[in-house]
file protein_35.csv (CSV, C-alpha atoms and all ligand atoms)
chain,number,residue,atom,x,y,z
A,1,MET,CA,-43.1,13.1,6.8
A,2,LYS,CA,-43.2,10.5,4.0
A,3,PHE,CA,-41.6,7.2,4.8
A,4,THR,CA,-40.6,5.0,1.9
A,5,GLU,CA,-39.6,1.4,2.8
A,6,THR,CA,-36.4,0.1,1.3
A,7,ALA,CA,-35.3,-3.4,0.4
A,8,LEU,CA,-33.6,-3.7,3.8
A,9,ALA,CA,-36.4,-4.2,6.3
A,10,GLY,CA,-36.5,-1.4,8.9
A,11,ALA,CA,-34.5,1.1,6.9
A,12,TYR,CA,-36.5,4.0,5.5
A,13,VAL,CA,-36.0,6.8,3.1
A,14,ILE,CA,-37.8,9.8,4.6
A,15,ASP,CA,-38.9,12.9,2.7
A,16,VAL,CA,-40.3,16.0,4.4
A,17,ASP,CA,-43.8,17.4,3.7
A,18,ARG,CA,-43.2,21.0,2.7
A,19,LEU,CA,-45.9,23.4,3.9
A,20,ALA,CA,-44.9,26.3,1.6
A,21,ASP,CA,-45.9,29.9,1.5
A,22,GLU,CA,-44.3,33.1,0.2
A,23,ARG,CA,-41.6,32.9,3.0
A,24,GLY,CA,-40.4,29.5,2.0
A,25,PHE,CA,-41.6,26.3,3.7
A,26,PHE,CA,-42.1,24.6,7.0
A,27,ALA,CA,-41.4,20.9,7.5
A,28,ARG,CA,-41.0,18.4,10.3
A,29,SER,CA,-37.7,16.6,10.3
A,30,TRP,CA,-38.4,14.5,13.3
A,31,CYS,CA,-41.7,13.5,15.1
A,32,GLU,CA,-41.9,10.9,17.9
A,33,ASP,CA,-45.5,10.0,17.0
A,34,GLU,CA,-44.8,9.5,13.2
A,35,PHE,CA,-41.9,7.2,14.0
A,36,ALA,CA,-43.9,5.3,16.7
A,37,ALA,CA,-46.6,4.7,14.1
A,38,ARG,CA,-44.0,2.6,12.3
A,39,GLY,CA,-42.9,0.8,15.4
A,40,ILE,CA,-39.8,2.9,15.7
A,41,ALA,CA,-39.0,4.1,19.2
A,42,MET,CA,-36.1,6.4,18.7
A,43,PRO,CA,-35.4,8.7,21.6
A,44,PRO,CA,-32.7,10.9,20.1
A,45,LEU,CA,-30.0,10.9,22.8
A,46,GLN,CA,-27.3,12.5,20.7
A,47,ALA,CA,-27.2,14.7,17.6
A,48,ASN,CA,-24.0,14.9,15.6
A,49,ILE,CA,-22.5,17.2,13.0
A,50,SER,CA,-19.9,15.9,10.5
A,51,PHE,CA,-18.1,18.5,8.4
A,52,ASN,CA,-16.1,17.3,5.5
A,53,PRO,CA,-14.2,19.9,3.5
A,54,ARG,CA,-13.2,17.6,0.7
A,55,ARG,CA,-15.2,15.7,-1.9
A,56,GLY,CA,-14.2,12.0,-1.8
A,57,THR,CA,-14.1,11.8,2.0
A,58,LEU,CA,-15.3,8.4,3.3
A,59,ARG,CA,-16.4,7.8,6.9
A,60,GLY,CA,-17.5,4.2,7.7
A,61,MET,CA,-18.7,1.6,8.0
A,62,HIS,CA,-19.5,2.0,11.7
A,63,TYR,CA,-21.8,0.4,14.3
A,64,GLN,CA,-21.9,-0.2,18.0
A,65,LEU,CA,-22.4,-3.6,19.6
A,66,PRO,CA,-25.5,-4.5,21.6
A,67,PRO,CA,-26.6,-3.3,24.1
A,68,HIS,CA,-25.2,0.0,22.7
A,69,GLU,CA,-26.7,-0.4,19.2
A,70,GLU,CA,-27.8,2.9,17.6
A,71,THR,CA,-30.5,3.9,15.2
A,72,LYS,CA,-29.6,7.0,13.2
A,73,LEU,CA,-31.5,9.5,11.3
A,74,VAL,CA,-29.2,11.0,8.7
A,75,ARG,CA,-29.5,14.2,6.7
A,76,CYS,CA,-27.0,16.1,4.6
A,77,THR,CA,-27.5,19.8,5.3
A,78,ARG,CA,-24.8,21.1,2.9
A,79,GLY,CA,-23.5,19.5,-0.2
A,80,ALA,CA,-24.2,15.9,-1.0
A,81,ILE,CA,-23.3,12.4,0.1
A,82,LEU,CA,-23.9,8.8,-0.9
A,83,ASP,CA,-25.1,7.3,2.4
A,84,VAL,CA,-24.6,3.6,2.7
A,85,LEU,CA,-25.9,0.9,5.0
A,86,VAL,CA,-25.0,-2.8,5.5
A,87,ASP,CA,-27.4,-5.2,7.2
A,88,LEU,CA,-25.5,-6.9,10.0
A,89,ARG,CA,-28.5,-8.7,11.5
A,90,SER,CA,-27.6,-12.4,11.2
A,91,GLU,CA,-31.3,-13.4,11.4
A,92,SER,CA,-32.3,-11.0,8.6
A,93,PRO,CA,-33.2,-12.2,5.1
A,94,THR,CA,-31.0,-9.4,3.8
A,95,PHE,CA,-28.0,-10.1,6.1
A,96,GLY,CA,-24.9,-8.9,4.4
A,97,GLN,CA,-26.7,-6.7,1.8
A,98,TRP,CA,-26.0,-3.1,1.3
A,99,LEU,CA,-28.0,-0.1,0.2
A,100,GLY,CA,-26.8,3.3,-1.0
A,101,VAL,CA,-29.0,6.5,-1.0
A,102,GLU,CA,-28.0,9.9,-2.2
A,103,LEU,CA,-28.7,12.6,0.3
A,104,THR,CA,-28.4,16.3,-0.7
A,105,ALA,CA,-29.0,19.5,1.1
A,106,GLU,CA,-31.5,20.6,-1.6
A,107,SER,CA,-33.6,17.4,-1.4
A,108,TYR,CA,-34.0,17.5,2.4
A,109,ARG,CA,-34.1,13.7,2.1
A,110,MET,CA,-33.2,11.6,5.2
A,111,LEU,CA,-32.2,8.0,5.7
A,112,PHE,CA,-33.3,6.1,8.8
A,113,VAL,CA,-30.7,3.5,9.8
A,114,PRO,CA,-31.9,0.7,12.1
A,115,GLY,CA,-29.8,-0.8,14.9
A,116,ARG,CA,-27.2,-3.4,14.0
A,117,PHE,CA,-26.5,-1.9,10.6
A,118,ALA,CA,-23.1,-0.7,9.6
A,119,HIS,CA,-23.3,2.9,8.3
A,120,GLY,CA,-21.0,5.2,6.4
A,121,PHE,CA,-20.9,7.8,3.7
A,122,LEU,CA,-18.9,9.2,0.8
A,123,THR,CA,-19.0,12.9,0.2
A,124,LEU,CA,-19.9,13.8,-3.3
A,125,THR,CA,-19.1,17.6,-3.0
A,126,ASP,CA,-16.6,19.8,-1.2
A,127,ASN,CA,-17.8,21.4,2.1
A,128,THR,CA,-20.3,18.8,3.1
A,129,ASP,CA,-22.2,18.9,6.4
A,130,VAL,CA,-23.9,15.8,7.6
A,131,CYS,CA,-26.2,16.0,10.6
A,132,TYR,CA,-27.7,13.0,12.3
A,133,GLN,CA,-29.4,12.1,15.5
A,134,VAL,CA,-28.6,8.9,17.3
A,135,SER,CA,-30.7,6.8,19.7
A,136,ALA,CA,-27.9,5.6,22.0
A,137,LYS,CA,-24.9,7.2,23.7
A,138,TYR,CA,-21.5,7.0,22.3
A,139,ALA,CA,-19.8,3.9,23.7
A,140,PRO,CA,-16.2,3.8,22.6
A,141,GLY,CA,-15.7,0.3,23.9
A,142,ALA,CA,-18.6,-1.0,21.8
A,143,GLU,CA,-17.5,0.8,18.6
A,144,ARG,CA,-16.9,-1.5,15.7
A,145,GLY,CA,-16.3,-1.2,12.0
A,146,LEU,CA,-16.6,-3.1,8.7
A,147,ARG,CA,-14.1,-2.4,6.0
A,148,TRP,CA,-15.6,-0.1,3.4
A,149,ASN,CA,-14.2,-2.0,0.4
A,150,ASP,CA,-14.8,-5.6,1.6
A,151,PRO,CA,-15.3,-7.6,-1.7
A,152,ALA,CA,-17.7,-9.9,0.1
A,153,ILE,CA,-20.1,-7.0,0.5
A,154,GLY,CA,-19.2,-5.3,-2.7
A,155,ILE,CA,-20.5,-1.8,-2.1
A,156,ARG,CA,-20.4,0.0,-5.5
A,157,TRP,CA,-19.0,3.4,-4.5
A,158,PRO,CA,-19.5,5.9,-7.3
A,159,PHE,CA,-15.8,6.7,-7.4
A,160,ALA,CA,-12.7,5.9,-5.4
A,161,PRO,CA,-12.5,7.7,-2.0
A,162,THR,CA,-9.5,10.0,-1.6
A,163,LEU,CA,-9.6,10.6,2.2
A,164,ILE,CA,-10.3,7.9,4.8
A,165,SER,CA,-9.1,7.7,8.4
A,166,ASP,CA,-6.4,5.2,9.3
A,167,LYS,CA,-8.9,3.5,11.6
A,168,ASP,CA,-11.5,3.1,8.8
A,169,GLN,CA,-8.9,1.6,6.4
A,170,HIS,CA,-8.2,-1.2,8.8
A,171,HIS,CA,-11.6,-2.5,9.9
A,172,PRO,CA,-12.1,-6.2,9.5
A,173,ASN,CA,-13.9,-7.9,6.6
A,174,PHE,CA,-17.5,-9.1,7.0
A,175,ARG,CA,-16.4,-12.7,7.4
A,176,GLU,CA,-14.1,-11.7,10.2
A,177,LEU,CA,-16.9,-10.1,12.2
A,178,ALA,CA,-18.4,-12.1,15.1
A,179,LEU,CA,-21.8,-12.2,13.5
A,180,ALA,CA,-22.4,-15.8,12.5
A,181,PRO,CA,-22.4,-15.1,8.8
A,182,ASN,CA,-24.6,-17.2,6.5
A,183,GLU,CA,-22.7,-17.1,3.2
A,184,ALA,CA,-25.7,-18.4,1.3
A,185,GLN,CA,-27.4,-15.1,2.0
A,186,LEU,CA,-24.5,-13.0,0.8
A,187,VAL,CA,-25.8,-11.7,-2.4
A,188,SER,CA,-24.4,-8.9,-4.5
A,189,GLY,CA,-25.2,-5.4,-3.4
A,190,LEU,CA,-28.2,-3.5,-4.5
A,191,MET,CA,-28.4,0.1,-5.3
A,192,MET,CA,-31.7,1.8,-5.0
A,193,ASP,CA,-32.6,4.5,-7.5
A,194,TRP,CA,-34.1,7.2,-5.4
A,195,GLU,CA,-34.5,9.7,-8.2
A,196,LEU,CA,-37.6,11.6,-7.2
A,197,ASP,CA,-36.0,15.0,-6.9
A,198,HIS,CA,-32.3,15.5,-7.3
A,199,GLY,CA,-31.3,11.9,-7.0
A,200,ARG,CA,-28.9,10.2,-9.3
A,201,SER,CA,-28.4,6.5,-9.7
A,202,TRP,CA,-24.9,5.1,-9.5
B,1,LIG,C1,-18.9,9.1,17.0
B,1,LIG,C2,-18.3,9.9,18.1
B,1,LIG,C3,-16.9,10.3,18.0
B,1,LIG,N1,-16.4,11.0,19.0
B,1,LIG,C4,-14.9,11.3,18.9
B,1,LIG,C5,-14.0,10.2,18.8
B,1,LIG,C6,-12.9,10.8,18.0
B,1,LIG,O1,-12.0,11.6,18.8
B,1,LIG,C7,-13.6,11.8,17.1
B,1,LIG,C8,-13.8,11.3,15.7
B,1,LIG,O2,-14.4,10.0,15.8
B,1,LIG,P1,-14.7,9.1,14.5
B,1,LIG,O3,-13.4,9.1,13.7
B,1,LIG,O4,-15.2,7.8,15.0
B,1,LIG,O5,-15.8,9.9,13.7
B,1,LIG,P2,-16.7,9.5,12.5
B,1,LIG,O6,-15.8,8.7,11.6
B,1,LIG,O7,-17.3,10.7,11.9
B,1,LIG,O8,-17.8,8.5,13.1
B,1,LIG,C9,-19.1,8.6,12.7
B,1,LIG,O9,-19.2,8.0,11.4
B,1,LIG,C10,-20.5,7.9,10.9
B,1,LIG,C11,-20.3,7.2,9.5
B,1,LIG,C12,-21.4,7.2,11.8
B,1,LIG,O10,-22.3,6.5,11.4
B,1,LIG,C13,-21.4,7.7,13.2
B,1,LIG,O11,-22.1,6.9,14.0
B,1,LIG,C14,-19.9,7.8,13.7
B,1,LIG,O12,-19.4,6.4,13.8
B,1,LIG,O13,-14.8,12.1,17.7
B,1,LIG,C15,-17.1,11.4,20.1
B,1,LIG,O14,-16.6,12.1,21.0
B,1,LIG,N2,-18.4,11.1,20.2
B,1,LIG,C16,-19.0,10.4,19.2
B,1,LIG,O15,-20.3,10.1,19.3
call {"tool": "encode", "arguments": {"input": "protein_35.csv", "output": "structure tokens"}}
result
Amino acid sequence: MKFTETALAGAYVIDVDRLADERGFFARSWCEDEFAARGIAMPPLQANISFNPRRGTLRGMHYQLPPHEETKLVRCTRGAILDVLVDLRSESPTFGQWLGVELTAESYRMLFVPGRFAHGFLTLTDNTDVCYQVSAKYAPGAERGLRWNDPAIGIRWPFAPTLISDKDQHHPNFRELALAPNEAQLVSGLMMDWELDHGRSW
């Protein structure tokens, strides 16, 4: 597996190493040792499937409070998404910054989401499946959200979403979260151009 560091410390874009032959290819999509080599202990306690029939569906921006914080390893197994993270670690130099990475079924690209990041995605095609493994159990009482269109974060979604749950429409803004925000560190969002294979920049 090829780990590429992102501008948000601890978040990685991960590409698979394809061992190809006439049948196709074999690749690892998860390996405890390869993650441990980067200091990531991520026992996958849960694996989730998210099916989204409609392009323009937005789910996010979600996180669980400590001690239930989750790391996530996200892959789009059908269709395409823009997967988005927001760093909510108040001690982090990139506190309040966001990152968007296109994940498509064809690229097999994955995004590793550290704990204490808000996470969400916008579907770029109809009939999208998103599969992700999670390091902590679902804890409904610890579930929190950040509003997807908070201007203080300024996520540049590629187009306006057309389907969002009522719950996700009403999450608080960044400044209303109990995170001790440092406004001096609130810089405008950054969008990484991960264009190695099928990526597009937004
Ligand atoms: C996340 C989750 C939801 N549920 C239930 C609650 C509810 O009835 C139904 C749908 O829940 P939600 O609306 O929260 O589903 P969804 O909006 O897809 O939530 C997910 O969004 C993405 C972006 C993430 O990062 C995930 O961690 C998770 O928060 O599934 C579980 O039973 N277990 C779970 O782990």
call {"tool": "closest_atom_pairs", "arguments": {"input": "protein_35.csv", "of": "chain A", "to": "ligand LIG 1 (chain B)", "cutoff": "8 Å", "atoms": "all atoms listed in the file", "output": "tab-separated table"}}
result
residue	atom	partner	partner_atom	distance
A:Gln46	CA	B:LIG1	O15	7.5
A:Asn48	CA	B:LIG1	O15	7.1
A:Ser50	CA	B:LIG1	O7	6.0
A:Arg59	CA	B:LIG1	C11	4.7
A:Gly60	CA	B:LIG1	C11	4.5
A:Met61	CA	B:LIG1	C11	6.0
A:His62	CA	B:LIG1	O12	4.9
A:Tyr63	CA	B:LIG1	O12	6.5
A:Glu70	CA	B:LIG1	O11	7.8
A:Lys72	CA	B:LIG1	O10	7.5
A:Ala118	CA	B:LIG1	O10	7.5
A:His119	CA	B:LIG1	O10	4.9
A:Gly120	CA	B:LIG1	C11	3.8
A:Phe121	CA	B:LIG1	C11	5.9
A:Val134	CA	B:LIG1	O11	7.6
A:Lys137	CA	B:LIG1	O15	7.0
A:Tyr138	CA	B:LIG1	O15	4.5
A:Ala139	CA	B:LIG1	O15	7.6
A:Pro140	CA	B:LIG1	C5	7.8
A:Glu143	CA	B:LIG1	O12	7.6
A:Ser165	CA	B:LIG1	O3	7.0
A:Lys167	CA	B:LIG1	O3	7.5
A:Asp168	CA	B:LIG1	O6	7.6
call {"tool": "residues_around", "arguments": {"input": "protein_35.csv", "residues": "range 99-109 of chain A", "least_positions_apart": "3", "cutoff": "6 Å", "atoms": "all atoms listed in the file", "output": "ChimeraX atom specification"}}
result
/A:14-15,76-85,190-191
call {"tool": "atom_distance", "arguments": {"input": "protein_35.csv", "atom1": "CA of Val16 in chain A", "atom2": "CA of Arg54 in chain A"}}
result
27.4 Å
call {"tool": "atom_distance", "arguments": {"input": "protein_35.csv", "atom1": "CA of Leu8 in chain A", "atom2": "CA of Ile153 in chain A"}}
result
14.3 Å
call {"tool": "closest_residue", "arguments": {"input": "protein_35.csv", "among": "A:Ile155, A:Val130, A:Val113, A:Ala160", "to": "Glu5 in chain A", "atoms": "only C-alpha atoms"}}
result
A:Val113
call {"tool": "closest_residue", "arguments": {"input": "protein_35.csv", "among": "A:Gln133, A:Gly145, A:Met42, A:Trp157", "to": "His170 in chain A", "atoms": "all atoms listed in the file"}}
result
A:Gly145
call {"tool": "atom_distance", "arguments": {"input": "protein_35.csv", "atom1": "CA of Phe159 in chain A", "atom2": "CA of Asp129 in chain A"}}
result
19.5 Å
call {"tool": "closest_residue", "arguments": {"input": "protein_35.csv", "among": "A:Ser92, A:Thr57, A:Gln97, A:Ser135", "to": "Phe112 in chain A", "atoms": "all atoms listed in the file"}}
result
A:Ser135
call {"tool": "closest_residue", "arguments": {"input": "protein_35.csv", "among": "A:Ile164, A:Phe25, A:Met110, A:Ile49", "to": "Met1 in chain A", "atoms": "all atoms listed in the file"}}
result
A:Met110
call {"tool": "closest_residue", "arguments": {"input": "protein_35.csv", "among": "A:Ala27, A:Ala142, A:Ile40, A:Ala178", "to": "Pro67 in chain A", "atoms": "all atoms listed in the file"}}
result
A:Ala142
call {"tool": "axis_aligned_box", "arguments": {"input": "protein_35.csv", "around": "range 71-79 of chain A", "padding_each_side": "6 Å", "output": "lines of an AutoDock Vina configuration file"}}
result
center_x = -27.5
center_y = 12.5
center_z = 7.5
size_x = 20.0
size_y = 29.2
size_z = 27.4
call {"tool": "residues_near_point", "arguments": {"input": "protein_35.csv", "point": "(-23.1, -7.4, 21.0)", "cutoff": "10 Å", "atoms": "all atoms listed in the file", "output": "JSON, numbers by chain"}}
result
{"A": [64, 65, 66, 67, 68, 69, 116, 142, 178, 179]}
call {"tool": "closest_residue", "arguments": {"input": "protein_35.csv", "among": "A:Pro93, A:Pro172, A:Gly39, A:Pro114", "to": "Arg147 in chain A", "atoms": "all atoms listed in the file"}}
result
A:Pro172
call {"tool": "build_atoms", "arguments": {"input": "protein_35.csv", "residues": "range 40-64 of chain A", "atoms": "N, CA and C atoms", "output": "PDB file, in the coordinates of the input"}}
result
ATOM      1  N   ILE A  40     -41.153   2.427  15.426  1.00  0.00           N
ATOM      2  CA  ILE A  40     -39.800   2.900  15.700  1.00  0.00           C
ATOM      3  C   ILE A  40     -39.786   3.742  16.952  1.00  0.00           C
ATOM      4  N   ALA A  41     -39.165   3.236  18.003  1.00  0.00           N
ATOM      5  CA  ALA A  41     -39.000   4.100  19.200  1.00  0.00           C
ATOM      6  C   ALA A  41     -37.548   4.570  19.130  1.00  0.00           C
ATOM      7  N   MET A  42     -37.418   5.840  18.911  1.00  0.00           N
ATOM      8  CA  MET A  42     -36.100   6.400  18.700  1.00  0.00           C
ATOM      9  C   MET A  42     -35.877   7.642  19.520  1.00  0.00           C
ATOM     10  N   PRO A  43     -35.698   7.503  20.814  1.00  0.00           N
ATOM     11  CA  PRO A  43     -35.400   8.700  21.600  1.00  0.00           C
ATOM     12  C   PRO A  43     -34.046   9.249  21.131  1.00  0.00           C
ATOM     13  N   PRO A  44     -33.986  10.424  20.528  1.00  0.00           N
ATOM     14  CA  PRO A  44     -32.700  10.900  20.100  1.00  0.00           C
ATOM     15  C   PRO A  44     -31.851  11.350  21.304  1.00  0.00           C
ATOM     16  N   LEU A  45     -30.846  10.569  21.616  1.00  0.00           N
ATOM     17  CA  LEU A  45     -30.000  10.900  22.800  1.00  0.00           C
ATOM     18  C   LEU A  45     -28.818  11.724  22.444  1.00  0.00           C
ATOM     19  N   GLN A  46     -28.492  11.758  21.156  1.00  0.00           N
ATOM     20  CA  GLN A  46     -27.300  12.500  20.700  1.00  0.00           C
ATOM     21  C   GLN A  46     -27.578  13.029  19.324  1.00  0.00           C
ATOM     22  N   ALA A  47     -27.075  14.210  19.007  1.00  0.00           N
ATOM     23  CA  ALA A  47     -27.200  14.700  17.600  1.00  0.00           C
ATOM     24  C   ALA A  47     -25.758  15.151  17.221  1.00  0.00           C
ATOM     25  N   ASN A  48     -25.347  14.725  16.030  1.00  0.00           N
ATOM     26  CA  ASN A  48     -24.000  14.900  15.600  1.00  0.00           C
ATOM     27  C   ASN A  48     -23.879  15.741  14.317  1.00  0.00           C
ATOM     28  N   ILE A  49     -22.792  16.470  14.187  1.00  0.00           N
ATOM     29  CA  ILE A  49     -22.500  17.200  13.000  1.00  0.00           C
ATOM     30  C   ILE A  49     -21.148  16.655  12.451  1.00  0.00           C
ATOM     31  N   SER A  50     -21.121  16.353  11.163  1.00  0.00           N
ATOM     32  CA  SER A  50     -19.900  15.900  10.500  1.00  0.00           C
ATOM     33  C   SER A  50     -19.577  16.845   9.394  1.00  0.00           C
ATOM     34  N   PHE A  51     -18.513  17.609   9.511  1.00  0.00           N
ATOM     35  CA  PHE A  51     -18.100  18.500   8.400  1.00  0.00           C
ATOM     36  C   PHE A  51     -16.967  17.919   7.663  1.00  0.00           C
ATOM     37  N   ASN A  52     -17.080  17.967   6.356  1.00  0.00           N
ATOM     38  CA  ASN A  52     -16.100  17.300   5.500  1.00  0.00           C
ATOM     39  C   ASN A  52     -15.717  18.310   4.363  1.00  0.00           C
ATOM     40  N   PRO A  53     -14.558  18.938   4.469  1.00  0.00           N
ATOM     41  CA  PRO A  53     -14.200  19.900   3.500  1.00  0.00           C
ATOM     42  C   PRO A  53     -14.007  19.364   2.063  1.00  0.00           C
ATOM     43  N   ARG A  54     -13.607  18.077   1.986  1.00  0.00           N
ATOM     44  CA  ARG A  54     -13.200  17.600   0.700  1.00  0.00           C
ATOM     45  C   ARG A  54     -14.154  16.527   0.101  1.00  0.00           C
ATOM     46  N   ARG A  55     -14.509  16.719  -1.153  1.00  0.00           N
ATOM     47  CA  ARG A  55     -15.200  15.700  -1.900  1.00  0.00           C
ATOM     48  C   ARG A  55     -14.337  14.409  -1.888  1.00  0.00           C
ATOM     49  N   GLY A  56     -14.982  13.259  -1.785  1.00  0.00           N
ATOM     50  CA  GLY A  56     -14.200  12.000  -1.800  1.00  0.00           C
ATOM     51  C   GLY A  56     -13.828  11.532  -0.408  1.00  0.00           C
ATOM     52  N   THR A  57     -14.355  12.200   0.632  1.00  0.00           N
ATOM     53  CA  THR A  57     -14.100  11.800   2.000  1.00  0.00           C
ATOM     54  C   THR A  57     -15.030  10.621   2.362  1.00  0.00           C
ATOM     55  N   LEU A  58     -14.471   9.557   2.889  1.00  0.00           N
ATOM     56  CA  LEU A  58     -15.300   8.400   3.300  1.00  0.00           C
ATOM     57  C   LEU A  58     -15.193   8.213   4.798  1.00  0.00           C
ATOM     58  N   ARG A  59     -16.339   8.128   5.463  1.00  0.00           N
ATOM     59  CA  ARG A  59     -16.400   7.800   6.900  1.00  0.00           C
ATOM     60  C   ARG A  59     -17.234   6.487   6.979  1.00  0.00           C
ATOM     61  N   GLY A  60     -16.741   5.445   7.620  1.00  0.00           N
ATOM     62  CA  GLY A  60     -17.500   4.200   7.700  1.00  0.00           C
ATOM     63  C   GLY A  60     -16.609   2.999   7.688  1.00  0.00           C
ATOM     64  N   MET A  61     -17.238   1.862   7.747  1.00  0.00           N
ATOM     65  CA  MET A  61     -18.700   1.600   8.000  1.00  0.00           C
ATOM     66  C   MET A  61     -18.797   1.248   9.459  1.00  0.00           C
ATOM     67  N   HIS A  62     -19.582   2.008  10.196  1.00  0.00           N
ATOM     68  CA  HIS A  62     -19.500   2.000  11.700  1.00  0.00           C
ATOM     69  C   HIS A  62     -20.811   1.420  12.287  1.00  0.00           C
ATOM     70  N   TYR A  63     -20.640   0.792  13.465  1.00  0.00           N
ATOM     71  CA  TYR A  63     -21.800   0.400  14.300  1.00  0.00           C
ATOM     72  C   TYR A  63     -21.304   0.203  15.712  1.00  0.00           C
ATOM     73  N   GLN A  64     -22.253   0.125  16.633  1.00  0.00           N
ATOM     74  CA  GLN A  64     -21.900  -0.200  18.000  1.00  0.00           C
ATOM     75  C   GLN A  64     -22.582  -1.529  18.370  1.00  0.00           C
TER      76      GLN A  64
END
